[in-house]
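The file upload_4.csv contains CSV, C-alpha atoms:
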chain,number,residue,atom,x,y,z
A,2,MET,CA,-18.0,-15.4,-7.9
A,3,ILE,CA,-15.9,-15.2,-4.8
A,4,ARG,CA,-13.3,-17.9,-4.2
A,5,VAL,CA,-12.6,-18.6,-0.5
A,6,VAL,CA,-9.1,-19.9,0.3
A,7,THR,CA,-8.4,-21.1,3.8
A,8,VAL,CA,-4.7,-21.4,5.0
A,9,ARG,CA,-4.1,-23.4,8.1
A,10,GLY,CA,-1.1,-24.1,10.3
A,11,PHE,CA,0.0,-20.6,11.2
A,12,GLU,CA,-2.1,-20.0,14.3
A,13,ASN,CA,0.9,-18.8,16.4
A,14,ASP,CA,2.5,-16.6,13.7
A,15,ASN,CA,2.2,-13.1,12.4
A,16,ILE,CA,1.1,-13.3,8.8
A,17,VAL,CA,2.0,-10.5,6.3
A,18,PRO,CA,0.2,-11.1,2.9
A,19,SER,CA,1.9,-10.3,-0.3
A,20,MET,CA,0.5,-8.8,-3.5
A,21,LEU,CA,2.6,-11.1,-5.6
A,22,SER,CA,0.6,-13.0,-8.2
A,23,LEU,CA,1.6,-16.5,-8.9
A,24,GLU,CA,-1.5,-17.9,-10.5
A,25,ASP,CA,-2.9,-20.5,-8.0
A,26,ARG,CA,-0.1,-20.0,-5.5
A,27,LEU,CA,-0.2,-17.5,-2.6
A,28,VAL,CA,2.9,-15.8,-1.3
A,29,PHE,CA,3.1,-14.5,2.2
A,30,LEU,CA,5.7,-13.6,4.8
A,31,VAL,CA,5.8,-15.0,8.3
A,32,ARG,CA,7.0,-13.4,11.6
A,33,LYS,CA,7.6,-15.5,14.6
A,34,ASN,CA,6.2,-14.1,17.8
A,35,ASN,CA,9.6,-13.8,19.6
A,36,GLN,CA,10.3,-11.0,22.1
A,37,HIS,CA,13.4,-9.5,20.5
A,38,GLU,CA,13.0,-10.7,16.9
A,39,GLU,CA,9.3,-9.6,16.5
A,40,MET,CA,10.1,-7.1,13.8
A,41,TYR,CA,12.0,-9.6,11.6
A,42,PHE,CA,10.6,-12.0,9.0
A,43,ASP,CA,11.3,-15.7,9.6
A,44,LYS,CA,10.4,-17.0,6.2
A,45,LEU,CA,8.5,-16.6,3.0
A,46,VAL,CA,5.8,-19.2,2.2
A,47,LYS,CA,4.3,-20.2,-1.1
A,48,TYR,CA,1.0,-22.0,-0.8
A,49,ASN,CA,-0.5,-23.9,-3.7
A,50,VAL,CA,-4.3,-23.5,-3.5
A,51,LEU,CA,-5.1,-26.5,-5.7
A,52,SER,CA,-2.7,-29.1,-4.2
A,53,ASN,CA,-2.8,-27.7,-0.6
A,54,GLU,CA,1.0,-27.9,-0.5
A,55,PHE,CA,3.5,-25.4,1.0
A,56,ASP,CA,7.0,-24.3,-0.2
A,57,GLU,CA,9.1,-22.4,2.4
A,58,TRP,CA,12.1,-20.2,2.0
A,59,PHE,CA,13.9,-19.1,5.2
A,60,PHE,CA,15.7,-15.8,5.6
A,61,THR,CA,19.3,-16.3,6.7
A,62,LYS,CA,19.8,-12.7,7.8
A,63,PRO,CA,17.7,-10.3,9.9
A,64,VAL,CA,15.1,-9.0,7.4
A,65,GLY,CA,12.3,-6.7,8.4
A,66,VAL,CA,11.6,-4.8,5.2
A,67,ALA,CA,10.2,-6.3,2.0
A,68,SER,CA,8.3,-5.0,-1.0
A,69,ASN,CA,4.6,-5.7,-0.8
A,70,HIS,CA,3.8,-5.0,-4.4
A,71,ASP,CA,3.2,-7.2,-7.5
A,72,SER,CA,5.8,-6.2,-10.0
A,73,GLY,CA,4.3,-8.7,-12.5
A,74,ASN,CA,7.4,-10.8,-12.6
A,75,HIS,CA,7.2,-12.9,-9.4
A,76,PHE,CA,10.0,-10.9,-7.8
A,77,MET,CA,10.1,-9.6,-4.2
A,78,TYR,CA,12.7,-7.1,-3.0
A,79,TYR,CA,13.9,-7.2,0.6
A,80,ALA,CA,16.5,-5.6,2.8
A,81,SER,CA,18.6,-7.0,5.7
A,82,THR,CA,19.9,-4.8,8.4
A,83,GLU,CA,22.8,-5.0,10.8
A,84,TRP,CA,24.0,-2.4,13.3
A,85,ASP,CA,27.5,-1.5,14.5
A,86,HIS,CA,27.1,1.1,17.3
A,87,ASN,CA,25.5,4.2,15.5
A,88,GLU,CA,25.9,2.8,12.0
A,89,VAL,CA,23.5,0.5,10.1
A,90,ARG,CA,24.4,-1.5,7.1
A,91,ILE,CA,21.5,-2.2,4.7
A,92,GLU,CA,21.8,-5.0,2.1
A,93,PHE,CA,19.3,-5.2,-0.7
A,94,TYR,CA,18.2,-8.4,-2.4
A,95,ASN,CA,15.7,-9.6,-4.9
A,96,LEU,CA,14.0,-13.0,-4.6
A,97,ASP,CA,12.4,-14.8,-7.5
A,98,CYS,CA,9.4,-16.3,-5.6
A,99,ASP,CA,8.7,-18.7,-8.4
A,100,THR,CA,12.1,-20.5,-8.2
A,101,PHE,CA,13.3,-19.2,-4.8
A,102,THR,CA,16.4,-17.8,-6.6
A,103,ASN,CA,17.9,-15.2,-4.2
A,104,THR,CA,20.3,-12.4,-5.5
A,105,PHE,CA,22.3,-9.9,-3.5
A,106,ILE,CA,22.3,-6.5,-5.3
A,107,CYS,CA,24.2,-3.9,-3.2
A,108,SER,CA,24.5,-2.3,0.2
A,109,ILE,CA,24.6,1.1,1.9
A,110,LYS,CA,25.8,2.3,5.3
A,111,LEU,CA,24.0,5.0,7.2
A,112,GLU,CA,24.5,6.8,10.5
A,113,ASP,CA,21.6,5.9,12.7
A,114,LYS,CA,20.8,8.1,15.7
A,115,SER,CA,17.3,6.8,16.1
A,116,GLY,CA,18.0,3.3,17.5
A,117,SER,CA,20.2,0.3,17.6
A,118,HIS,CA,18.0,-2.5,16.2
A,119,LEU,CA,14.9,-2.7,14.0
A,120,GLY,CA,12.5,-2.6,16.9
A,121,ASN,CA,13.5,0.9,18.0
A,122,SER,CA,15.1,2.4,14.8
A,123,ASN,CA,13.4,4.5,12.2
A,124,ILE,CA,14.9,2.2,9.6
A,125,ALA,CA,11.9,0.0,10.1
A,126,HIS,CA,10.0,2.7,8.1
A,127,THR,CA,12.0,2.0,5.0
A,128,GLU,CA,9.7,1.3,2.0
A,129,LEU,CA,10.5,-0.8,-1.1
A,130,TYR,CA,8.4,-0.7,-4.3
A,131,GLY,CA,9.3,-3.4,-6.9
A,132,ILE,CA,8.9,-2.2,-10.4
A,133,ASP,CA,10.0,-5.3,-12.2
A,134,GLU,CA,12.8,-8.0,-12.0
A,135,ARG,CA,15.4,-5.2,-12.5
A,136,TYR,CA,14.3,-2.1,-10.7
A,137,CYS,CA,13.0,-1.1,-7.3
A,138,ILE,CA,12.3,2.2,-5.6
A,139,VAL,CA,13.9,2.5,-2.2
A,140,ALA,CA,12.7,5.1,0.2
A,141,LEU,CA,14.8,5.7,3.4
A,142,PRO,CA,13.4,7.4,6.5
A,143,LYS,CA,15.0,10.2,8.4
A,144,MET,CA,17.4,8.7,10.9
A,145,SER,CA,17.4,11.1,13.8
A,146,ASP,CA,15.5,10.4,17.0
A,147,ASP,CA,13.4,13.6,16.7
A,148,SER,CA,12.5,13.3,13.0
A,149,ASN,CA,8.9,13.1,11.8
A,150,ALA,CA,7.4,11.1,9.0
A,151,SER,CA,6.4,14.0,6.7
A,152,SER,CA,9.1,13.1,4.2
A,153,PHE,CA,11.8,10.5,3.5
A,154,SER,CA,15.4,11.5,3.9
A,155,GLN,CA,16.4,10.0,0.5
A,156,VAL,CA,14.7,8.1,-2.3
A,157,PHE,CA,16.7,5.8,-4.7
A,158,LEU,CA,16.2,3.8,-7.8
A,159,LEU,CA,17.8,0.4,-7.2
A,160,ASP,CA,19.2,-1.3,-10.4
A,161,SER,CA,19.7,-5.0,-10.0
A,162,VAL,CA,21.7,-5.4,-13.1
A,163,GLU,CA,24.1,-2.5,-12.5
A,164,LYS,CA,24.0,-3.3,-8.8
A,165,ARG,CA,23.8,0.3,-7.7
A,166,LEU,CA,21.5,2.9,-6.3
A,167,TYR,CA,20.6,6.1,-8.3
A,168,GLN,CA,19.3,9.0,-6.2
A,169,ILE,CA,16.0,10.2,-7.5
A,170,PRO,CA,15.9,14.0,-8.1
A,171,ASN,CA,13.8,15.4,-5.3
A,172,MET,CA,12.1,18.3,-7.1
A,173,VAL,CA,8.6,17.6,-8.5
A,174,GLY,CA,7.3,20.4,-10.6
A,175,ASN,CA,7.8,23.8,-9.1
A,176,HIS,CA,6.4,23.3,-5.6
A,177,ASP,CA,6.7,19.7,-4.5
A,178,LEU,CA,9.2,17.0,-3.5
A,179,PHE,CA,9.6,13.3,-4.4
A,180,SER,CA,10.7,12.6,-0.8
A,181,ARG,CA,7.2,13.5,0.3
A,182,PHE,CA,5.6,10.6,-1.8
A,183,ASP,CA,2.9,8.8,0.1
A,184,GLN,CA,1.2,6.3,-2.2
A,185,LEU,CA,2.6,4.6,-5.3
A,186,TYR,CA,1.2,2.2,-7.8
A,187,ILE,CA,2.6,0.6,-10.9
A,188,GLN,CA,0.2,-0.6,-13.6
A,189,LYS,CA,0.8,-2.2,-17.0
A,190,CYS,CA,-1.2,-1.1,-20.0
A,191,ASN,CA,-0.7,-2.2,-23.6
A,192,GLY,CA,2.7,-3.7,-22.7
A,193,GLU,CA,4.0,-0.6,-21.0
A,194,SER,CA,4.4,0.1,-17.3
A,195,TYR,CA,3.2,3.4,-15.7
A,196,LEU,CA,3.9,5.1,-12.4
A,197,TYR,CA,1.1,6.6,-10.4
A,198,LEU,CA,2.3,8.6,-7.5
A,199,LYS,CA,0.7,10.8,-4.7
A,200,THR,CA,2.8,13.1,-2.6
A,201,GLY,CA,1.9,14.4,0.8
A,202,ARG,CA,2.7,12.1,3.8
A,203,PHE,CA,-0.3,12.7,6.0
A,204,THR,CA,-3.8,11.4,6.4
A,205,VAL,CA,-6.9,13.1,5.3
A,206,SER,CA,-8.0,13.6,8.9
A,207,GLU,CA,-4.7,15.1,9.8
A,208,LYS,CA,-4.9,17.6,7.0
A,209,ARG,CA,-8.5,18.4,7.8
A,210,ARG,CA,-7.6,19.2,11.4
A,211,ALA,CA,-4.8,21.4,10.3
A,212,TYR,CA,-7.1,23.2,7.9
A,213,GLN,CA,-9.6,23.8,10.8
A,214,VAL,CA,-6.9,25.5,12.9
A,215,ARG,CA,-4.7,27.0,10.2
A,216,ASN,CA,-5.3,30.5,11.5
A,217,ASN,CA,-4.0,29.6,15.0
A,218,GLN,CA,-0.3,29.8,14.4
A,219,ASN,CA,0.5,28.4,17.8
A,220,HIS,CA,-1.0,25.0,16.9
A,221,PHE,CA,-0.8,24.8,13.1
A,222,ASP,CA,1.5,22.0,11.9
A,223,LYS,CA,3.6,23.6,9.1
A,224,SER,CA,4.4,20.1,7.6
A,225,LEU,CA,0.7,19.8,6.6
A,226,GLU,CA,0.7,23.1,4.7
A,227,GLY,CA,2.5,21.9,1.5
A,228,ASN,CA,1.2,20.8,-1.8
A,229,GLU,CA,-0.1,17.4,-2.7
A,230,SER,CA,0.3,16.1,-6.3
A,231,ILE,CA,-1.0,13.3,-8.4
A,232,ILE,CA,1.7,12.2,-10.9
A,233,PHE,CA,1.5,10.0,-13.9
A,234,LEU,CA,4.7,8.9,-15.8
A,235,GLU,CA,5.8,6.1,-18.1
A,236,ILE,CA,8.3,3.9,-16.2
A,237,LYS,CA,10.8,3.8,-19.0
A,238,LYS,CA,10.8,7.6,-19.1
A,239,PHE,CA,11.1,7.8,-15.3
A,240,ILE,CA,14.1,5.5,-15.2
A,241,SER,CA,15.9,7.4,-18.0
A,242,MET,CA,15.2,10.7,-16.2
A,243,VAL,CA,16.5,9.4,-12.9
A,244,LYS,CA,19.7,8.1,-14.4
A,245,LYS,CA,20.3,11.5,-16.1
A,246,SER,CA,19.4,13.3,-12.8
A,247,VAL,CA,16.4,15.0,-14.5
A,248,PRO,CA,13.6,15.9,-12.0
A,249,ILE,CA,9.9,15.3,-12.7
A,250,GLY,CA,8.4,18.3,-14.5
A,251,VAL,CA,5.0,20.0,-14.3
A,252,ASP,CA,3.9,18.1,-17.5
A,253,SER,CA,3.7,14.9,-15.4
A,254,ILE,CA,1.5,16.4,-12.7
A,255,LEU,CA,-2.1,15.6,-13.3
A,256,ASP,CA,-3.6,17.4,-10.3
A,257,SER,CA,-2.4,19.3,-7.2
A,258,CYS,CA,-3.9,20.9,-4.1
A,259,LYS,CA,-2.9,23.0,-1.2
A,260,SER,CA,-4.2,23.2,2.4
A,261,GLU,CA,-7.9,23.5,1.4
A,262,SER,CA,-8.0,19.9,0.0
A,263,ALA,CA,-6.4,16.5,0.3
A,264,PHE,CA,-5.9,13.5,-2.0
A,265,SER,CA,-6.0,9.7,-1.6
A,266,LEU,CA,-4.7,7.6,-4.5
A,267,MET,CA,-6.4,4.2,-4.8
A,268,ASN,CA,-6.2,1.0,-6.8
A,269,SER,CA,-8.7,-1.8,-7.1
A,270,ASN,CA,-9.6,-4.4,-9.7
A,271,GLY,CA,-10.4,-1.6,-12.2
A,272,PRO,CA,-8.9,1.7,-13.2
A,273,ILE,CA,-6.6,3.7,-11.0
A,274,PHE,CA,-8.6,6.4,-9.2
A,275,TYR,CA,-8.2,9.0,-6.5
A,276,CYS,CA,-10.4,11.1,-4.3
A,277,ARG,CA,-10.1,14.9,-3.8
A,278,TYR,CA,-11.4,15.9,-0.4
A,279,ASN,CA,-12.4,19.5,-0.5
A,280,PHE,CA,-12.6,21.1,3.0
A,281,ASP,CA,-13.8,24.5,1.7
A,282,HIS,CA,-17.0,23.0,0.1
A,283,ASN,CA,-17.3,19.8,2.3
A,284,HIS,CA,-17.4,17.3,-0.6
A,285,THR,CA,-15.4,14.4,-2.1
A,286,GLU,CA,-14.7,14.1,-5.8
A,287,ILE,CA,-14.0,10.7,-7.2
A,288,ILE,CA,-11.6,11.0,-10.2
A,289,GLU,CA,-10.4,8.2,-12.5
A,290,ILE,CA,-7.0,8.2,-14.4
A,291,ALA,CA,-7.1,6.7,-17.9
A,292,SER,CA,-4.3,7.0,-20.4
A,293,GLY,CA,-2.8,9.9,-18.5
A,294,GLN,CA,-6.0,11.9,-18.4
A,295,ILE,CA,-8.3,12.5,-15.4
A,296,HIS,CA,-12.0,12.1,-15.5
A,297,LYS,CA,-14.4,13.1,-12.6
A,298,LYS,CA,-16.8,10.2,-12.0
A,299,ASN,CA,-18.8,11.3,-9.0
A,300,THR,CA,-19.2,13.9,-6.2
A,301,VAL,CA,-20.2,12.9,-2.7
A,302,LYS,CA,-21.3,15.3,0.0
A,303,GLY,CA,-19.0,15.4,3.0
A,304,VAL,CA,-15.3,14.4,3.3
A,305,GLU,CA,-15.6,10.6,2.9
A,306,ASN,CA,-12.4,8.5,2.8
A,307,ARG,CA,-14.0,5.1,2.5
A,308,VAL,CA,-14.8,5.0,-1.2
A,309,LYS,CA,-14.4,1.6,-2.8
A,310,GLN,CA,-14.4,0.4,-6.3
A,311,SER,CA,-15.6,-2.9,-7.6
A,312,ASP,CA,-16.1,-4.0,-11.2
A,313,GLY,CA,-15.8,-0.3,-12.3
A,314,ASN,CA,-18.6,0.9,-10.0
A,315,TYR,CA,-18.1,3.0,-6.9
A,316,PHE,CA,-19.4,2.4,-3.3
A,317,LEU,CA,-19.2,4.3,-0.1
A,318,ILE,CA,-18.8,2.8,3.4
A,319,LYS,CA,-20.2,5.1,6.1
A,320,GLU,CA,-20.3,4.8,9.9
A,321,HIS,CA,-23.8,5.2,11.4
A,322,GLU,CA,-24.9,4.4,15.0
A,323,GLU,CA,-22.0,2.0,15.5
A,324,LYS,CA,-22.9,0.2,12.2
A,325,GLN,CA,-21.4,0.3,8.7
A,326,VAL,CA,-23.6,1.3,5.8
A,327,LEU,CA,-22.7,0.3,2.2
A,328,ILE,CA,-24.0,2.8,-0.4
A,329,ASP,CA,-24.1,2.4,-4.2
A,330,LEU,CA,-22.9,5.8,-5.4
A,331,GLU,CA,-24.5,5.5,-8.8
A,332,SER,CA,-28.0,4.9,-7.5
A,333,GLU,CA,-27.3,6.6,-4.1
A,334,LYS,CA,-29.1,3.7,-2.4
A,335,THR,CA,-28.2,1.9,0.8
A,336,ILE,CA,-27.6,-1.7,-0.2
A,337,PHE,CA,-26.3,-3.2,3.1
A,338,ILE,CA,-26.1,-2.4,6.8
A,339,THR,CA,-23.9,-4.4,9.2
A,340,SER,CA,-24.6,-5.3,12.8
A,341,PRO,CA,-22.8,-3.2,15.5
A,342,ASP,CA,-19.9,-5.6,15.9
A,343,GLU,CA,-19.4,-6.2,12.2
A,344,ARG,CA,-17.1,-4.5,9.7
A,345,ILE,CA,-17.1,-4.7,5.9
A,346,ILE,CA,-14.1,-6.3,4.2
A,347,ALA,CA,-15.4,-6.0,0.6
A,348,GLY,CA,-18.6,-5.5,-1.1
A,349,ASN,CA,-20.6,-4.4,-4.2
A,350,SER,CA,-24.2,-4.7,-5.5
A,351,HIS,CA,-23.9,-8.5,-5.6
A,352,TYR,CA,-22.2,-9.5,-2.4
A,353,VAL,CA,-20.8,-8.2,0.9
A,354,ILE,CA,-18.0,-9.9,3.0
A,355,THR,CA,-17.8,-8.9,6.7
A,356,LYS,CA,-15.9,-9.8,9.8
A,357,LYS,CA,-17.1,-9.7,13.4
A,358,PHE,CA,-14.4,-8.2,15.4
A,359,ARG,CA,-15.3,-9.9,18.7
A,360,THR,CA,-15.3,-13.4,17.3
A,361,SER,CA,-13.2,-13.0,14.1
A,362,GLU,CA,-16.0,-14.8,12.2
A,363,ILE,CA,-16.2,-14.0,8.5
A,364,PHE,CA,-19.5,-14.0,6.7
A,365,TYR,CA,-20.5,-13.9,3.0
A,366,TYR,CA,-23.8,-12.2,2.2
A,367,SER,CA,-25.4,-12.7,-1.2
A,368,LEU,CA,-27.5,-9.6,-2.0
A,369,LEU,CA,-29.0,-11.2,-5.1
A,370,GLU,CA,-30.2,-14.4,-3.3
A,371,ASN,CA,-30.8,-12.6,0.1
A,372,CYS,CA,-28.9,-15.2,2.1
A,373,SER,CA,-25.7,-15.4,4.2
A,374,LYS,CA,-23.2,-18.0,5.4
A,375,LYS,CA,-20.2,-18.2,7.6
A,376,ILE,CA,-17.1,-18.8,5.5
A,377,GLY,CA,-14.4,-18.9,8.1
A,378,THR,CA,-12.7,-17.5,11.3
A,379,GLY,CA,-9.4,-15.7,11.6
A,380,PHE,CA,-7.3,-13.1,9.8
A,381,ALA,CA,-8.7,-12.3,6.3
A,382,ASP,CA,-7.1,-10.7,3.3
A,383,PHE,CA,-9.2,-9.8,0.2
A,384,ASP,CA,-7.6,-9.8,-3.2
A,385,PRO,CA,-9.8,-7.7,-5.6
A,386,PHE,CA,-7.8,-8.6,-8.6
A,387,LYS,CA,-8.6,-12.3,-8.2
A,388,ASN,CA,-11.9,-11.8,-6.5
A,389,GLU,CA,-10.5,-14.0,-3.7
A,390,ILE,CA,-10.6,-13.9,0.1
A,391,ILE,CA,-7.8,-15.7,1.9
A,392,ILE,CA,-8.5,-16.7,5.5
A,393,PHE,CA,-5.5,-17.5,7.8
A,394,ASN,CA,-5.4,-19.2,11.2
A,395,GLU,CA,-8.9,-20.7,11.2
Could I get this file's structure written as structure tokens?
Amino acid sequence: MIRVVTVRGFENDNIVPSMLSLEDRLVFLVRKNNQHEEMYFDKLVKYNVLSNEFDEWFFTKPVGVASNHDSGNHFMYYASTEWDHNEVRIEFYNLDCDTFTNTFICSIKLEDKSGSHLGNSNIAHTELYGIDERYCIVALPKMSDDSNASSFSQVFLLDSVEKRLYQIPNMVGNHDLFSRFDQLYIQKCNGESYLYLKTGRFTVSEKRRAYQVRNNQNHFDKSLEGNESIIFLEIKKFISMVKKSVPIGVDSILDSCKSESAFSLMNSNGPIFYCRYNFDHNHTEIIEIASGQIHKKNTVKGVENRVKQSDGNYFLIKEHEEKQVLIDLESEKTIFITSPDERIIAGNSHYVITKKFRTSEIFYYSLLENCSKKIGTGFADFDPFKNEIIIFNE
């Protein structure tokens, strides 16, 4: 059963949902629509779904980077930034979103040739991934004005207890680099936390275009030629290796590919899975990761990057004549077709949630009862873990 949560009172704000899980409380970030401060967060809001009450925590420094990941311990990491000519100082904090306890961890200074504030600097592309209440992965972008996004300049492990940054060894296996990581998930299983990582910072469509023109050396983008890897590693082991400056070895690489294929690592309300898009054979393989082992679940004709998982089953969203089509991959049957101005937010064999992009109306379709109803209007965020859709700014 889908739970619909409507949050009102933020019509003039820019909402950034958080993946933090606080039972019946939602956590989200708010940006005010100011000209010069548009990149900075104004506050963090905690909304109690049952009592309809808000708790707010205001940032006292310019903050534009925050972790959008559920570490499982109610903690959010964030970074404040201040510029002095061509130098930027980055301060790292962790915030207990349950108690609003804010803790400064440490800071770093960098030369910045790309800009002078968050609105025009590459520092806006810094990424934070909270592991737990103690550790966070910090990925810093290249800071020159002519740099590209094919890799980070440096990646660190932030230790909140020791109040320091450990540089993560860059080598992965024999042919890959940690600084090229693109997607990262942390999942707990039997009391232990595991790291799932995909390298290769480019989209499937970018790599496919590069594959199609790879024989034309005048146009081939060399940054798309490298390996991609799927990595699985126990967090405790990863932290120990980083502190000892030991790189990730080939034994932690579950799968890899070169220019003929591309990966996309995904997480839903079930197992971690990824897709291998094979350009040579024009098909997509859906592969699950369980206990450090990979298991091929399905093969779809064509290079399809809209594979979704719901309750352990896989579905495909395809574009057809300006409509979206939802296909059950197990039965290979079409189970839903949208109208031309409608896009699928979530769906499975029981229900589909859509949004009309012209009116921002959100609809719920029951496929079992063959009926539909409007459930709200505005910006929507679907949480597959809670089976919950949150609608802002109705």
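Atom CA of A:Phe386 sits 17.8 Å away from atom CA of A:Asn191.
Closest approach to A:Phe274 from the set A:Glu370, A:Asp133, A:Glu289, A:Asp14 is made by A:Glu289, with distances taken over only C-alpha atoms.
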Exercise. Considering only C-alpha atoms, return as a PyMOL selection string whatever protein or nucleic-acid residues lie within 10 Å of stretch 124-130 of chain A, sequence-local ones (same chain, fewer than 6 positions apart) excluded.
Key: chain A and resi 40-41+64-72+77-80+82+89+91+93+111+113+115-118+136-144+150+153+156-159+185-187
Exercise on stretch 361-371 of chain A, axis-aligned box with 4 Å per side, report centre and edge lengths in Å to one decimal, as AutoDock Vina command-line options:
--center_x -22.0 --center_y -12.2 --center_z 4.5 --size_x 25.6 --size_y 13.2 --size_z 27.2
Quiz prompt | Nearest residue to A:Tyr167 from the set A:Lys245, A:Glu331, A:Tyr195, A:Ser152 (distances using only C-alpha atoms) | solution = A:Lys245
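You will find atom CA of A:Asn13 at 12.0 Å from atom CA of A:Phe380.
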Quiz prompt | Distance criterion (all atoms listed in the file): nearest to A:Phe383 out of A:Met242, A:Ile249, A:Ile345, A:Val205 | solution = A:Ile345
Nearby residues, (3.1, 11.8, -17.9) file frame, 6 Å, all atoms listed in the file, as a compact mmCIF listing (two decimals) with C-alpha atoms, in the frame of the given file:
# COMPACT_ATOMS: atom_id res chain seq x y z
CA PHE A 233 1.50 10.00 -13.90
CA LEU A 234 4.70 8.90 -15.80
CA SER A 253 3.70 14.90 -15.40
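Across A:His296, A:Ile106, A:Leu119, A:Asp99, the tightest approach to A:Trp84 is made by A:Leu119 when counting only C-alpha atoms.
Considering the residues A:Asn371, A:Gly250, A:Ser350, A:Asp281 and counting only C-alpha atoms, A:Asn314 has its shortest atom-to-atom contact with A:Ser350.
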Quiz item: What is the atom CA of A:Phe364-atom CA of A:Ile273 distance in Å, reported with one decimal?
Solution: 28.2 Å
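Between A:Asn175 and the candidates A:Ser260, A:Ser230, A:Ser292, A:Thr335, the tightest atom-to-atom separation, counting only C-alpha atoms, involves A:Ser230.
Near A:Asn349, within a cut-off of 10 Å and counting only C-alpha atoms, sit the residues Lys309, Gln310, Ser311, Asp312, Asn314, Tyr315, Phe316, Leu317, Leu327, Ile328, Asp329, Ile336, Phe337 and Leu368 of chain A, with same-chain residues fewer than 6 positions away left out.
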